[in-house]
2 protein chains.
Amino acid sequence: MQNSIKDIFPNFSPELISTIEENGSAQNFEAGTILMRTGQYIKNTVLITKGKIKIYREGEDGGEFLMYYLQPGQACAISMICTAKSEKSQIMAKVVEDVSVMMIPLQMMDKWMMEHRSWYEFVIETYRSRFEEVLEVVDNIAFRSMDERLEFYLKRHSDACGCSEVKLSHQEIASELNTSREVVSRLLKKMEQRGLVKLNRNQIELLK
Amino acid sequence: MQNSIKDIFPNFSPELISTIEENGSAQNFEAGTILMRTGQYIKNTVLITKGKIKIYREGEDGGEFLMYYLQPGQACAISMICTAKSEKSQIMAKVVEDVSVMMIPLQMMDKWMMEHRSWYEFVIETYRSRFEEVLEVVDNIAFRSMDERLEFYLKRHSDACGCSEVKLSHQEIASELNTSREVVSRLLKKMEQRGLVKLNRNQIELLK
DNA sequence: ATCCTTCTGTGATAAATGTTACTGTAGATT
DNA sequence: AATCTACAGTAACATTTATCACAGAAGGAT
């Protein structure tokens, strides 16, 4: 089996891995799928084994503010946090690159915390890294102006996809930064003049 | 002993409470004390038994952006999250009302997760509620304008202190919202005209 | 090629927020 | 009382961001 849990989650103990394979349910979703909506009840913890997911915070007016990416080897912290209580989701999760995931029923998630040290450590580390990531998001919107936020956004995107081309329209970027398309166009133009990017239709090439 | 762990953390098991009393160190700090600075290494988890603490995110330019309050019966999620790794603090914690706290060495924090169900549940619930609170902060700065944020700020303050008078100068409020004093003055004046507040020197009275 | 849709660029203008400069006032200090 | 200091109000202006209006370009569909 390619994309095995073993390879993607190298810190998991062999016992944990077999338990996951027994109790989890492997599933695939195409790009574009909404895996989770704000307000939905959470019944599973999601481990990503392939592909990419974006996590958004939704505004009352329908805005979709990008929080962070989830990639193979990671898990949805929100789904873990809402564990025992089977709470409502506070976020929206959208598949941006066909994913394979392992769905873990919430009771298992909780049970394993006591039984598997490597699971416990993974969960704690997931909490920690996501919390820090959200704090960084707060920094960006609290302390930085739109041009800096845009640069950060592009950099994060290219880090996530491992390439220097961002294949998104200005409109899509604007939505994820909760601003308007015109503002993004203008700021990108300035960045191009500064030699930071090269602009093409539906593609922004990062030069530095 | 007044302000006992037992009364303030009613969900803790008797065994956990005695373990805490054996291993923790009770300490007091005056209003104004900085309990934790950004970048400091964390050696303890902090349980609050009395008083109030504000948690800030610091900007590179020295801004102090208010994230949330910590009150009796609560714990600093950040200090828990940075657990085993003894990571650096990502936030700044300032005492705003004389506090009594119980300092728990980080090794204990980790050990008890396996040994005390009530500790485990408390920690998970702390993660959950703080994560949600930070998401709400993101909402405010991502989707709302300064006048709405100011109203929210005042409401949160009065909730935290349990009174309808906010005894802060415009300058202090401005710092915590990362804006300028003049903007706060203007917006407060408008709120007064709308009948939402009554303004006095060093005091804002919430009317609704 | 022609049409159509989506994407991009840009000017004009409006609104929100930040900055500068100055004034007055309340309370503390002397 | 005279002085000093922190706080609050406000006008004028600058900057940033949002909105409106429109035009042209790229690429797909017919």
# chains A, B, ... in the order shown; residues from 1 in each chain; ligands from 1
call {"tool": "interface_residues", "arguments": {"of": "chain A", "to": "chain D", "cutoff": "9 Å", "atoms": "only C-alpha atoms (C1' of nucleotides)", "output": "number ranges by chain"}}
result
A: 145-146, 179-180, 182-183, 201
call {"tool": "select_by_dssp", "arguments": {"residues": "stretch 62-101 of chain B", "states": "strand (DSSP E or B)", "output": "ChimeraX atom specification"}}
result
/B:64-70,75,88,92-101
call {"tool": "residues_around", "arguments": {"residues": "B:Gly51", "least_positions_apart": "3", "cutoff": "10 Å", "atoms": "only C-alpha atoms (C1' of nucleotides)", "output": "ChimeraX atom specification"}}
result
/B:28-31,48,70-72,95-101,161
call {"tool": "write_last_selection", "arguments": {"atoms": "C-alpha atoms", "output": "PDB file, in the first residue's frame"}}
result
ATOM      1  CA  ASN B  28       0.891  35.946  44.280  1.00  0.00           C
ATOM      2  CA  PHE B  29       1.504  38.802  41.879  1.00  0.00           C
ATOM      3  CA  GLU B  30       0.416  42.414  41.946  1.00  0.00           C
ATOM      4  CA  ALA B  31      -1.494  44.190  39.221  1.00  0.00           C
ATOM      5  CA  ILE B  48      -5.331  31.007  38.181  1.00  0.00           C
ATOM      6  CA  LEU B  70      -7.641  34.635  32.093  1.00  0.00           C
ATOM      7  CA  GLN B  71      -9.707  34.292  35.232  1.00  0.00           C
ATOM      8  CA  PRO B  72      -9.974  32.038  38.293  1.00  0.00           C
ATOM      9  CA  VAL B  95      -1.633  40.878  35.622  1.00  0.00           C
ATOM     10  CA  VAL B  96      -4.492  43.371  35.618  1.00  0.00           C
ATOM     11  CA  GLU B  97      -5.937  42.545  39.022  1.00  0.00           C
ATOM     12  CA  ASP B  98      -3.820  41.066  41.823  1.00  0.00           C
ATOM     13  CA  VAL B  99      -3.624  37.344  41.218  1.00  0.00           C
ATOM     14  CA  SER B 100      -2.973  34.141  43.071  1.00  0.00           C
ATOM     15  CA  VAL B 101      -1.725  31.360  40.865  1.00  0.00           C
ATOM     16  CA  CYS B 161     -14.837  42.750  35.463  1.00  0.00           C
TER      17      CYS B 161
END
call {"tool": "interface_residues", "arguments": {"of": "chain A", "to": "chain B", "cutoff": "9 Å", "atoms": "only C-alpha atoms", "output": "ChimeraX atom specification"}}
result
/A:57-61,63,65,78,80-83,90-91,113-115,124-125,127-129,131-132,134-135,137-139,141-143,177-178
call {"tool": "write_last_selection", "arguments": {"atoms": "C-alpha atoms", "output": "PDB file, in the first residue's frame"}}
result
ATOM      1  CA  ARG A  57     -12.982  31.051   8.971  1.00  0.00           C
ATOM      2  CA  GLU A  58     -16.332  32.180   7.597  1.00  0.00           C
ATOM      3  CA  GLY A  59     -17.696  35.682   8.150  1.00  0.00           C
ATOM      4  CA  GLU A  60     -21.383  36.363   8.674  1.00  0.00           C
ATOM      5  CA  ASP A  61     -21.497  38.098   5.312  1.00  0.00           C
ATOM      6  CA  GLY A  63     -16.450  35.968   3.539  1.00  0.00           C
ATOM      7  CA  PHE A  65     -10.861  34.063   5.361  1.00  0.00           C
ATOM      8  CA  ILE A  78     -10.333  21.630  15.172  1.00  0.00           C
ATOM      9  CA  MET A  80      -9.548  16.994  17.610  1.00  0.00           C
ATOM     10  CA  ILE A  81     -10.475  19.876  19.831  1.00  0.00           C
ATOM     11  CA  CYS A  82     -14.153  19.307  19.402  1.00  0.00           C
ATOM     12  CA  THR A  83     -13.554  15.733  20.492  1.00  0.00           C
ATOM     13  CA  GLN A  90     -15.922  26.593  14.001  1.00  0.00           C
ATOM     14  CA  ILE A  91     -14.319  26.478  10.590  1.00  0.00           C
ATOM     15  CA  MET A 113      -4.779   9.397  24.126  1.00  0.00           C
ATOM     16  CA  MET A 114      -4.452   7.105  27.127  1.00  0.00           C
ATOM     17  CA  GLU A 115      -3.292   4.017  25.288  1.00  0.00           C
ATOM     18  CA  ILE A 124      -0.432  17.714  21.524  1.00  0.00           C
ATOM     19  CA  GLU A 125       1.972  18.695  18.781  1.00  0.00           C
ATOM     20  CA  TYR A 127      -2.586  21.585  18.995  1.00  0.00           C
ATOM     21  CA  ARG A 128       0.640  23.444  19.513  1.00  0.00           C
ATOM     22  CA  SER A 129       1.517  24.009  15.896  1.00  0.00           C
ATOM     23  CA  PHE A 131      -2.315  27.410  17.811  1.00  0.00           C
ATOM     24  CA  GLU A 132       0.928  29.045  16.773  1.00  0.00           C
ATOM     25  CA  VAL A 134      -3.400  31.003  14.222  1.00  0.00           C
ATOM     26  CA  LEU A 135      -1.405  33.406  16.366  1.00  0.00           C
ATOM     27  CA  VAL A 137      -2.593  34.905  11.415  1.00  0.00           C
ATOM     28  CA  VAL A 138      -3.601  37.322  14.165  1.00  0.00           C
ATOM     29  CA  ASP A 139      -0.251  39.085  13.830  1.00  0.00           C
ATOM     30  CA  ILE A 141      -4.174  41.107  10.335  1.00  0.00           C
ATOM     31  CA  ALA A 142      -3.551  43.028  13.551  1.00  0.00           C
ATOM     32  CA  PHE A 143      -0.164  44.521  12.757  1.00  0.00           C
ATOM     33  CA  LEU A 177      -7.647  37.984   2.389  1.00  0.00           C
ATOM     34  CA  ASN A 178     -11.118  39.467   2.780  1.00  0.00           C
TER      35      ASN A 178
END
call {"tool": "interface_residues", "arguments": {"of": "chain A", "to": "chain C", "cutoff": "8 Å", "atoms": "only C-alpha atoms (C1' of nucleotides)", "output": "number ranges by chain"}}
result
A: 169, 185, 201-202
call {"tool": "atom_distance", "arguments": {"atom1": "atom CA of B:Leu168", "atom2": "atom CA of B:Leu35"}}
result
20.8 Å
call {"tool": "select_by_dssp", "arguments": {"residues": "stretch 70-165 of chain B", "states": "helix (DSSP H, G or I)", "output": "number ranges by chain"}}
result
B: 77-81, 106-115, 117-143, 146-161
call {"tool": "residues_around", "arguments": {"residues": "A:Glu192", "least_positions_apart": "3", "cutoff": "12 Å", "atoms": "only C-alpha atoms (C1' of nucleotides)", "output": "PyMOL selection string"}}
result
chain A and resi 151+185-189+195-200+204-208
call {"tool": "atom_distance", "arguments": {"atom1": "atom CA of B:Tyr69", "atom2": "atom CA of B:Asp110"}}
result
24.1 Å
call {"tool": "atom_distance", "arguments": {"atom1": "atom CA of B:Met108", "atom2": "atom CA of A:Ile17"}}
result
27.8 Å
call {"tool": "decode", "arguments": {"residues": "stretch 46-82 of chain B", "atoms": "N, CA and C atoms", "output": "tab-separated table (two decimals), in the first residue's frame"}}
result
chain	number	residue	atom	x	y	z
B	46	VAL	N	0.36	27.59	34.42
B	46	VAL	CA	-0.19	28.50	35.41
B	46	VAL	C	-1.70	28.28	35.58
B	47	LEU	N	-2.10	27.93	36.80
B	47	LEU	CA	-3.52	27.85	37.11
B	47	LEU	C	-3.91	29.10	37.90
B	48	ILE	N	-4.94	29.78	37.48
B	48	ILE	CA	-5.33	31.01	38.18
B	48	ILE	C	-6.38	30.68	39.25
B	49	THR	N	-6.10	31.10	40.48
B	49	THR	CA	-7.07	30.88	41.57
B	49	THR	C	-7.74	32.17	42.01
B	50	LYS	N	-7.11	33.29	41.69
B	50	LYS	CA	-7.70	34.59	42.05
B	50	LYS	C	-7.17	35.68	41.13
B	51	GLY	N	-7.99	36.69	40.87
B	51	GLY	CA	-7.52	37.83	40.08
B	51	GLY	C	-7.73	37.67	38.58
B	52	LYS	N	-7.06	38.55	37.83
B	52	LYS	CA	-7.24	38.55	36.38
B	52	LYS	C	-5.94	38.81	35.65
B	53	ILE	N	-5.81	38.14	34.51
B	53	ILE	CA	-4.62	38.30	33.67
B	53	ILE	C	-5.09	38.60	32.25
B	54	LYS	N	-4.36	39.48	31.57
B	54	LYS	CA	-4.64	39.71	30.15
B	54	LYS	C	-3.52	39.08	29.34
B	55	ILE	N	-3.91	38.45	28.24
B	55	ILE	CA	-2.94	37.83	27.34
B	55	ILE	C	-2.83	38.67	26.06
B	56	TYR	N	-1.62	39.07	25.73
B	56	TYR	CA	-1.38	39.91	24.57
B	56	TYR	C	-0.49	39.22	23.54
B	57	ARG	N	-0.68	39.61	22.31
B	57	ARG	CA	0.24	39.26	21.26
B	57	ARG	C	1.05	40.53	20.98
B	58	GLU	N	2.37	40.41	20.96
B	58	GLU	CA	3.19	41.59	20.75
B	58	GLU	C	3.62	41.73	19.30
B	59	GLY	N	3.49	42.95	18.77
B	59	GLY	CA	3.96	43.24	17.42
B	59	GLY	C	5.43	43.59	17.45
B	60	GLU	N	6.08	43.51	16.30
B	60	GLU	CA	7.51	43.82	16.24
B	60	GLU	C	7.79	45.25	16.64
B	61	ASP	N	6.83	46.13	16.35
B	61	ASP	CA	7.00	47.54	16.66
B	61	ASP	C	6.66	47.88	18.11
B	62	GLY	N	6.34	46.86	18.90
B	62	GLY	CA	6.04	47.12	20.30
B	62	GLY	C	4.56	47.19	20.63
B	63	GLY	N	3.70	46.99	19.61
B	63	GLY	CA	2.26	47.00	19.86
B	63	GLY	C	1.87	45.86	20.81
B	64	GLU	N	0.81	46.10	21.58
B	64	GLU	CA	0.33	45.06	22.49
B	64	GLU	C	-1.13	44.78	22.18
B	65	PHE	N	-1.36	43.76	21.41
B	65	PHE	CA	-2.71	43.47	20.96
B	65	PHE	C	-3.40	42.49	21.91
B	66	LEU	N	-4.51	42.93	22.48
B	66	LEU	CA	-5.20	42.10	23.46
B	66	LEU	C	-5.84	40.87	22.83
B	67	MET	N	-5.52	39.70	23.36
B	67	MET	CA	-6.12	38.47	22.87
B	67	MET	C	-7.30	38.06	23.75
B	68	TYR	N	-7.03	37.80	25.02
B	68	TYR	CA	-8.13	37.42	25.90
B	68	TYR	C	-7.75	37.54	27.38
B	69	TYR	N	-8.74	37.32	28.21
B	69	TYR	CA	-8.56	37.39	29.66
B	69	TYR	C	-8.40	35.98	30.22
B	70	LEU	N	-7.66	35.87	31.32
B	70	LEU	CA	-7.64	34.63	32.09
B	70	LEU	C	-8.18	34.94	33.48
B	71	GLN	N	-9.05	34.05	33.96
B	71	GLN	CA	-9.71	34.29	35.23
B	71	GLN	C	-9.63	33.05	36.12
B	72	PRO	N	-10.03	33.19	37.38
B	72	PRO	CA	-9.97	32.04	38.29
B	72	PRO	C	-10.68	30.82	37.70
B	73	GLY	N	-10.05	29.68	37.87
B	73	GLY	CA	-10.61	28.44	37.32
B	73	GLY	C	-10.09	28.15	35.94
B	74	GLN	N	-9.27	29.09	35.41
B	74	GLN	CA	-8.72	28.88	34.08
B	74	GLN	C	-7.21	28.69	34.14
B	75	ALA	N	-6.66	28.30	33.00
B	75	ALA	CA	-5.21	28.10	32.92
B	75	ALA	C	-4.69	28.69	31.63
B	76	CYS	N	-3.42	28.95	31.60
B	76	CYS	CA	-2.82	29.51	30.40
B	76	CYS	C	-2.57	28.40	29.38
B	77	ALA	N	-3.36	28.43	28.30
B	77	ALA	CA	-3.27	27.38	27.29
B	77	ALA	C	-1.89	27.36	26.66
B	78	ILE	N	-1.34	28.54	26.45
B	78	ILE	CA	-0.03	28.63	25.82
B	78	ILE	C	1.01	27.86	26.64
B	79	SER	N	0.96	28.05	27.95
B	79	SER	CA	1.95	27.38	28.77
B	79	SER	C	1.76	25.87	28.72
B	80	MET	N	0.54	25.43	28.50
B	80	MET	CA	0.30	24.00	28.38
B	80	MET	C	0.80	23.48	27.05
B	81	ILE	N	0.57	24.27	26.04
B	81	ILE	CA	0.89	23.85	24.69
B	81	ILE	C	2.40	23.74	24.50
B	82	CYS	N	3.12	24.58	25.19
B	82	CYS	CA	4.56	24.57	25.03
B	82	CYS	C	5.19	23.53	25.95
